[in-house]
$ cat work-v6.cif   # mmCIF, C-alpha atoms
data_my_file
loop_
_atom_site.label_atom_id
_atom_site.label_comp_id
_atom_site.auth_asym_id
_atom_site.auth_seq_id
_atom_site.Cartn_x
_atom_site.Cartn_y
_atom_site.Cartn_z
CA MET A 1 -75.16 4.99 -58.28
CA GLU A 2 -71.75 6.45 -58.20
CA LEU A 3 -72.69 9.10 -55.63
CA ARG A 4 -74.09 6.51 -53.26
CA ARG A 5 -70.96 4.43 -53.38
CA LYS A 6 -68.87 7.44 -52.48
CA ALA A 7 -70.91 8.19 -49.39
CA GLY A 8 -70.38 4.62 -48.18
CA SER A 9 -66.58 4.78 -48.06
CA GLY A 10 -65.95 6.83 -44.93
CA ALA A 11 -62.47 7.73 -43.66
CA ARG A 12 -61.47 5.79 -40.57
CA ILE A 13 -59.01 6.64 -37.88
CA PRO A 14 -56.93 3.55 -37.11
CA THR A 15 -57.35 2.52 -33.49
CA SER A 16 -54.98 -0.42 -33.42
CA SER A 17 -52.05 1.65 -32.20
CA MET A 18 -54.09 3.36 -29.50
CA ALA A 19 -52.71 1.02 -26.82
CA ASP A 20 -49.16 1.82 -27.83
CA ILE A 21 -49.85 5.52 -27.58
CA ALA A 22 -51.40 5.03 -24.16
CA PHE A 23 -48.29 3.17 -23.02
CA LEU A 24 -46.12 5.85 -24.49
CA LEU A 25 -47.95 8.48 -22.48
CA ILE A 26 -47.78 6.42 -19.28
CA VAL A 27 -44.05 5.90 -19.67
CA PHE A 28 -43.54 9.54 -20.59
CA PHE A 29 -45.26 10.76 -17.43
CA MET A 30 -43.41 8.21 -15.33
CA VAL A 31 -40.14 9.61 -16.60
CA THR A 32 -41.04 13.22 -16.08
CA THR A 33 -42.48 12.81 -12.59
CA ILE A 34 -40.32 10.20 -10.85
CA PHE A 35 -36.93 11.48 -11.81
CA LYS A 36 -36.31 14.11 -9.23
CA LEU A 37 -32.56 14.18 -8.96
CA GLU A 38 -30.56 16.07 -6.45
CA GLN A 39 -29.11 19.20 -7.86
CA GLY A 40 -26.12 19.34 -5.55
CA LEU A 41 -23.38 21.90 -5.84
CA PRO A 42 -21.26 22.79 -8.84
CA ILE A 43 -18.08 20.77 -8.44
CA THR A 44 -15.27 19.20 -10.41
CA LEU A 45 -14.88 15.60 -9.32
CA PRO A 46 -11.42 14.08 -9.03
CA ARG A 47 -10.46 11.33 -11.47
CA SER A 48 -9.56 7.76 -10.62
CA ILE A 49 -8.70 4.51 -12.36
CA ALA A 50 -9.61 2.05 -9.61
CA GLY A 51 -13.16 3.43 -9.18
CA ASP A 52 -15.80 0.79 -8.49
CA LYS A 53 -19.47 0.80 -9.30
CA ILE A 54 -21.50 1.81 -6.27
CA PRO A 55 -25.13 0.60 -6.11
CA ARG A 56 -27.26 3.71 -6.53
CA GLU A 57 -30.11 2.61 -4.32
CA ARG A 58 -27.82 2.51 -1.28
CA ILE A 59 -26.24 5.90 -1.81
CA ALA A 60 -26.80 9.14 0.03
CA HIS A 61 -24.79 12.05 -1.28
CA ILE A 62 -22.88 14.73 0.53
CA TRP A 63 -21.76 17.58 -1.68
CA ILE A 64 -18.80 19.70 -0.69
CA ASP A 65 -17.61 22.43 -3.01
CA ARG A 66 -14.33 24.26 -3.31
CA GLN A 67 -15.26 26.82 -0.67
CA GLY A 68 -16.27 24.14 1.79
CA THR A 69 -20.04 24.57 1.43
CA ILE A 70 -21.71 21.34 2.49
CA SER A 71 -25.03 20.21 1.01
CA ILE A 72 -27.22 17.19 1.71
CA ASP A 73 -30.56 16.75 -0.09
CA ASP A 74 -30.11 20.16 -1.71
CA LEU A 75 -29.96 21.83 1.68
CA VAL A 76 -26.89 23.84 2.52
CA ILE A 77 -25.92 22.80 6.01
CA GLY A 78 -23.22 23.40 8.55
CA VAL A 79 -20.76 20.70 9.49
CA TYR A 80 -22.58 20.11 12.79
CA ASP A 81 -25.80 19.20 10.98
CA ILE A 82 -24.18 16.25 9.26
CA GLU A 83 -24.42 13.96 12.26
CA PRO A 84 -28.19 14.27 12.99
CA LEU A 85 -29.11 14.21 9.29
CA VAL A 86 -27.03 11.16 8.51
CA THR A 87 -28.20 9.38 11.67
CA ALA A 88 -31.80 9.83 10.48
CA LYS A 89 -30.95 8.53 7.01
CA LEU A 90 -29.10 5.56 8.45
CA ARG A 91 -32.13 4.61 10.52
CA GLU A 92 -34.16 4.31 7.31
CA ASN A 93 -31.50 2.30 5.51
CA PRO A 94 -28.82 0.67 7.68
CA ALA A 95 -26.81 -0.41 4.63
CA LEU A 96 -26.42 3.18 3.48
CA ILE A 97 -23.26 4.27 1.72
CA ILE A 98 -22.38 7.94 2.12
CA SER A 99 -20.95 9.17 -1.12
CA PHE A 100 -18.74 12.23 -1.07
CA ASN A 101 -19.14 14.43 -4.09
CA THR A 102 -16.30 16.72 -3.28
CA ASP A 103 -14.48 19.17 -5.50
CA GLU A 104 -10.92 18.11 -6.20
CA LYS A 105 -9.64 21.44 -4.91
CA THR A 106 -11.46 21.36 -1.57
CA PRO A 107 -8.99 21.60 1.31
CA TYR A 108 -8.64 18.19 2.95
CA GLY A 109 -9.31 19.60 6.42
CA ILE A 110 -13.00 20.06 5.58
CA MET A 111 -13.25 16.47 4.38
CA ASP A 112 -11.64 15.25 7.57
CA GLU A 113 -14.14 17.20 9.64
CA ALA A 114 -17.02 15.75 7.64
CA MET A 115 -15.66 12.21 8.03
CA GLU A 116 -15.32 12.69 11.78
CA ARG A 117 -19.02 13.64 11.87
CA LEU A 118 -19.90 10.51 9.91
CA LYS A 119 -17.97 8.39 12.39
CA LEU A 120 -20.03 9.93 15.19
CA ALA A 121 -23.22 9.14 13.27
CA ASN A 122 -21.86 5.59 12.83
CA ALA A 123 -22.07 5.90 9.04
CA LEU A 124 -18.88 4.05 8.28
CA ARG A 125 -19.46 2.99 4.69
CA VAL A 126 -18.28 5.81 2.51
CA SER A 127 -17.37 6.25 -1.10
CA PHE A 128 -15.42 9.02 -2.75
CA THR A 129 -17.14 9.71 -6.02
CA THR A 130 -14.78 10.07 -8.94
CA ILE A 131 -14.99 10.11 -12.68
CA PRO A 132 -13.06 7.61 -14.78
CA HIS A 133 -9.69 8.66 -16.14
CA GLU A 134 -9.59 9.65 -19.78
CA ASP A 135 -7.16 7.11 -21.12
CA MET B 136 -49.00 -28.92 -55.14
CA ALA B 137 -51.66 -26.81 -56.76
CA LYS B 138 -53.68 -26.74 -53.54
CA PHE B 139 -50.69 -25.61 -51.58
CA LYS B 140 -49.99 -22.78 -53.98
CA ARG B 141 -53.51 -21.48 -53.84
CA ARG B 142 -53.49 -21.32 -50.07
CA THR B 143 -50.44 -19.16 -49.88
CA GLY B 144 -51.95 -16.89 -52.45
CA ILE B 145 -55.18 -16.35 -50.57
CA SER B 146 -53.98 -15.82 -47.01
CA ALA B 147 -52.86 -12.22 -47.04
CA GLU B 148 -52.10 -11.90 -43.34
CA LEU B 149 -50.05 -8.80 -42.89
CA VAL B 150 -48.32 -7.71 -39.74
CA GLY B 151 -49.52 -4.24 -38.88
CA GLU B 152 -46.74 -1.84 -39.70
CA SER B 153 -48.44 1.40 -38.79
CA SER B 154 -47.73 1.02 -35.05
CA MET B 155 -44.12 0.04 -35.59
CA SER B 156 -42.85 3.54 -34.85
CA ASP B 157 -44.86 3.62 -31.63
CA VAL B 158 -43.28 0.38 -30.53
CA ALA B 159 -39.87 1.73 -31.41
CA PHE B 160 -40.49 4.81 -29.29
CA LEU B 161 -41.80 2.66 -26.48
CA LEU B 162 -38.61 0.59 -26.46
CA LEU B 163 -36.46 3.68 -26.71
CA ILE B 164 -38.12 5.32 -23.72
CA PHE B 165 -38.11 2.08 -21.75
CA PHE B 166 -34.37 1.73 -22.15
CA ILE B 167 -33.79 5.39 -21.35
CA VAL B 168 -35.66 4.87 -18.08
CA SER B 169 -34.17 1.53 -17.12
CA THR B 170 -30.52 2.31 -17.79
CA THR B 171 -29.09 4.13 -14.83
CA PHE B 172 -25.46 4.96 -15.22
CA PRO B 173 -23.62 3.44 -12.28
CA GLU B 174 -21.88 5.82 -10.01
CA ILE B 175 -18.13 5.39 -9.86
CA GLY B 176 -16.39 5.83 -6.55
CA LEU B 177 -13.65 4.61 -4.26
CA PRO B 178 -15.34 2.73 -1.43
CA LEU B 179 -13.86 2.73 2.04
CA ILE B 180 -14.92 1.68 5.52
CA LEU B 181 -14.22 4.30 8.15
CA PRO B 182 -13.09 3.25 11.62
CA SER B 183 -15.80 3.36 14.24
CA ALA B 184 -15.76 6.34 16.59
CA SER B 185 -16.49 4.10 19.57
CA GLY B 186 -13.86 1.54 18.60
CA ASP B 187 -10.81 1.34 20.77
CA VAL B 188 -7.52 2.70 19.54
CA LYS B 189 -5.08 -0.05 18.62
CA GLN B 190 -1.36 0.22 18.93
CA VAL B 191 0.33 -0.79 15.72
CA ALA B 192 4.00 -1.56 15.29
CA ARG B 193 5.86 1.11 13.38
CA VAL B 194 7.14 -1.40 10.81
CA ASN B 195 3.61 -2.36 9.87
CA VAL B 196 2.66 1.13 8.82
CA MET B 197 3.44 2.77 5.52
CA GLN B 198 2.78 6.46 5.69
CA ILE B 199 1.88 8.29 2.51
CA VAL B 200 1.88 11.95 3.35
CA THR B 201 0.23 14.42 1.00
CA SER B 202 1.74 17.83 1.55
CA ARG B 203 0.02 21.18 1.30
CA THR B 204 1.21 21.54 -2.28
CA GLY B 205 0.00 18.07 -3.22
CA LEU B 206 3.38 16.30 -3.16
CA TYR B 207 3.70 12.79 -1.77
CA TYR B 208 6.20 11.78 0.89
CA ILE B 209 6.60 8.19 2.03
CA ASP B 210 7.31 7.57 5.71
CA VAL B 211 10.05 9.94 6.81
CA ASP B 212 11.46 10.63 3.35
CA THR B 213 12.53 14.19 2.72
CA GLU B 214 12.32 13.83 -1.04
CA PRO B 215 8.85 13.65 -2.57
CA THR B 216 7.86 10.50 -4.46
CA PRO B 217 6.25 10.99 -7.87
CA LEU B 218 2.69 9.68 -8.12
CA SER B 219 3.68 7.30 -10.92
CA GLU B 220 6.05 5.40 -8.61
CA LEU B 221 3.61 5.15 -5.74
CA ARG B 222 1.75 2.10 -7.00
CA ASP B 223 4.85 -0.07 -7.40
CA LEU B 224 6.24 1.00 -4.05
CA VAL B 225 3.00 0.23 -2.25
CA GLY B 226 2.70 -3.07 -4.12
CA ARG B 227 6.20 -4.13 -3.14
CA ARG B 228 5.67 -3.25 0.50
CA LEU B 229 2.37 -5.12 0.53
CA VAL B 230 4.03 -8.26 -0.83
CA GLU B 231 6.78 -8.04 1.79
CA ASN B 232 4.48 -7.46 4.74
CA ASP B 233 1.03 -9.01 5.00
CA LYS B 234 0.15 -6.90 8.04
CA LEU B 235 0.91 -3.61 6.34
CA ILE B 236 -1.42 -0.72 7.05
CA LEU B 237 -1.44 2.12 4.57
CA SER B 238 -1.84 5.38 6.35
CA LEU B 239 -2.79 8.22 4.03
CA GLU B 240 -1.98 11.37 5.93
CA THR B 241 -2.99 14.63 4.42
CA HIS B 242 -2.24 18.23 5.24
CA PRO B 243 -5.48 20.07 6.09
CA GLU B 244 -4.85 22.59 3.33
CA ALA B 245 -3.86 20.02 0.73
CA PRO B 246 -6.34 19.64 -2.13
CA TYR B 247 -8.72 16.72 -1.69
CA GLY B 248 -7.96 15.59 -5.24
CA GLY B 249 -4.34 14.96 -4.26
CA MET B 250 -5.40 12.54 -1.55
CA ILE B 251 -7.80 10.80 -3.95
CA GLU B 252 -5.03 10.28 -6.48
CA ALA B 253 -2.88 8.63 -3.82
CA LEU B 254 -5.84 6.54 -2.68
CA ASP B 255 -6.43 5.53 -6.28
CA GLU B 256 -2.84 4.31 -6.60
CA VAL B 257 -3.18 2.35 -3.36
CA MET B 258 -6.41 0.76 -4.61
CA LEU B 259 -4.68 -0.12 -7.87
CA ALA B 260 -1.81 -1.72 -5.96
CA TYR B 261 -4.34 -3.90 -4.13
CA ALA B 262 -6.04 -4.72 -7.43
CA GLU B 263 -2.71 -5.83 -8.91
CA LEU B 264 -2.07 -8.11 -5.94
CA GLU B 265 -5.51 -9.57 -6.37
CA ARG B 266 -4.72 -10.28 -10.01
CA ALA B 267 -1.51 -11.98 -8.92
CA LYS B 268 -3.63 -14.13 -6.55
CA ILE B 269 -2.03 -12.66 -3.44
CA ASP B 270 -4.64 -12.30 -0.75
CA ARG B 271 -4.50 -9.07 1.23
CA ASP B 272 -7.19 -7.32 3.21
CA LYS B 273 -7.53 -3.67 2.44
CA ARG B 274 -5.99 -1.87 5.40
CA ILE B 275 -6.23 1.78 4.57
CA SER B 276 -6.45 4.56 7.09
CA LEU B 277 -7.18 8.19 6.33
CA LYS B 278 -5.70 10.75 8.63
CA MET B 279 -5.26 14.48 8.76
CA LEU B 280 -1.86 15.83 9.69
CA GLU B 281 -1.80 17.81 12.89
CA VAL B 282 -0.48 21.28 12.22
CA GLU B 283 -0.07 24.12 14.63
#
$ encode --input "work-v6.cif" --output "structure tokens"
Amino acid sequence: MELRRKAGSGARIPTSSMADIAFLLIVFFMVTTIFKLEQGLPITLPRSIAGDKIPRERIAHIWIDRQGTISIDDLVIGVYDIEPLVTAKLRENPALIISFNTDEKTPYGIMDEAMERLKLANALRVSFTTIPHED
Amino acid sequence: MAKFKRRTGISAELVGESSMSDVAFLLLIFFIVSTTFPEIGLPLILPSASGDVKQVARVNVMQIVTSRTGLYYIDVDTEPTPLSELRDLVGRRLVENDKLILSLETHPEAPYGGMIEALDEVMLAYAELERAKIDRDKRISLKMLEVE
């Protein structure tokens, strides 16, 4: 009698949380696949107090490092390539904001050159990316 | 009363607690995904390349010159102005003249960060005016100094 009763009680794997696990996996893979961020160039951003929030979905970045290397979409480009590249981007999104991620020690002359190219591409909305002041 | 008591005793409806940690993880990951840290920047509208050049009266322009070494000179001053005084000076001039254009002129070899600090002070001066309910359009122009 006792033996029989033992055979009846089988161990069960709970399946109630299966849906949660499935969701967890879906979300996990969404995170790992969608987030492909631009690597950019190694720079030290200048600090500001008056910095505003810029809507991310309207931003295209231009990276300029201390030596004056310019990078868009992780491609190192010359200053003359800015105009055609930005023109193409602007065609896709006319409300585009070009965000300068420039090292604080970059000579201003390079920035001026880059801005002149943006004017030619008619990309007039710009933003100078900064980090908030520590105080 | 007795009936009521019995009912509560019998109904042993438990909320499943085993999946609680899964739900917690789900929420955690959801919020990690959905929170994007906003990018901070100083927005500016550049003048159009095709736009015609306007003549502006000298009195309506306040020049803030950033030198090669990162010092600030206002208009034709020979003595540099410390950054900490820039905001008040700009604010005062903006109150006096509602047509004032702030021209940030920078030496091509000056560090970009120096220009940004001046621009920040100018933006803060505008923000202070806004707080004081004085309406001023942002008239900021970025220029590079011509050097031989």
$ closest_residue --input "work-v6.cif" --among "B:Lys268, B:Thr171, B:Ala184, B:Val150" --to "chain A" --atoms "all atoms listed in the file"
B:Ala184
$ residues_around --input "work-v6.cif" --residues "Asn232 (chain B)" --least-positions-apart "6" --cutoff "10 Å" --atoms "all atoms listed in the file" --output "list in words"
Val194, Asn195, Val196 and Arg271 of chain B
$ write_last_selection --input "work-v6.cif" --atoms "C-alpha atoms" --output "PDB file, keeping the file's coordinate frame"
ATOM      1  CA  VAL B 194       7.140  -1.400  10.810  1.00  0.00           C
ATOM      2  CA  ASN B 195       3.610  -2.360   9.870  1.00  0.00           C
ATOM      3  CA  VAL B 196       2.660   1.130   8.820  1.00  0.00           C
ATOM      4  CA  ARG B 271      -4.500  -9.070   1.230  1.00  0.00           C
TER       5      ARG B 271
END
$ residues_around --input "work-v6.cif" --residues "region 178-180 of chain B" --least-positions-apart "5" --cutoff "6 Å" --atoms "only C-alpha atoms" --output "ChimeraX atom specification"
/A:124-127
$ closest_residue --input "work-v6.cif" --among "A:Leu120, A:Ala50, A:Leu85, A:Ala114" --to "Asn101 (chain A)" --atoms "all atoms listed in the file"
A:Ala114
$ axis_aligned_box --input "work-v6.cif" --around "region 237-251 of chain B" --padding-each-side "6 Å" --output "AutoDock Vina command-line options"
--center_x -5.1 --center_y 12.4 --center_z 0.6 --size_x 19.3 --size_y 32.5 --size_z 23.6
$ residues_around --input "work-v6.cif" --residues "Leu277 (chain B)" --least-positions-apart "2" --cutoff "9 Å" --atoms "only C-alpha atoms" --output "ChimeraX atom specification"
/A:112 /B:181,237-241,275,279
$ resolve_selection --input "work-v6.cif" --expression "the PyMOL selection byres ((chain B) within 8 of (chain A))" --output "ChimeraX atom specification"
/B:153-154,157-158,160-161,164-165,168,173-184,241-252,255-256,258-259,262,278-279
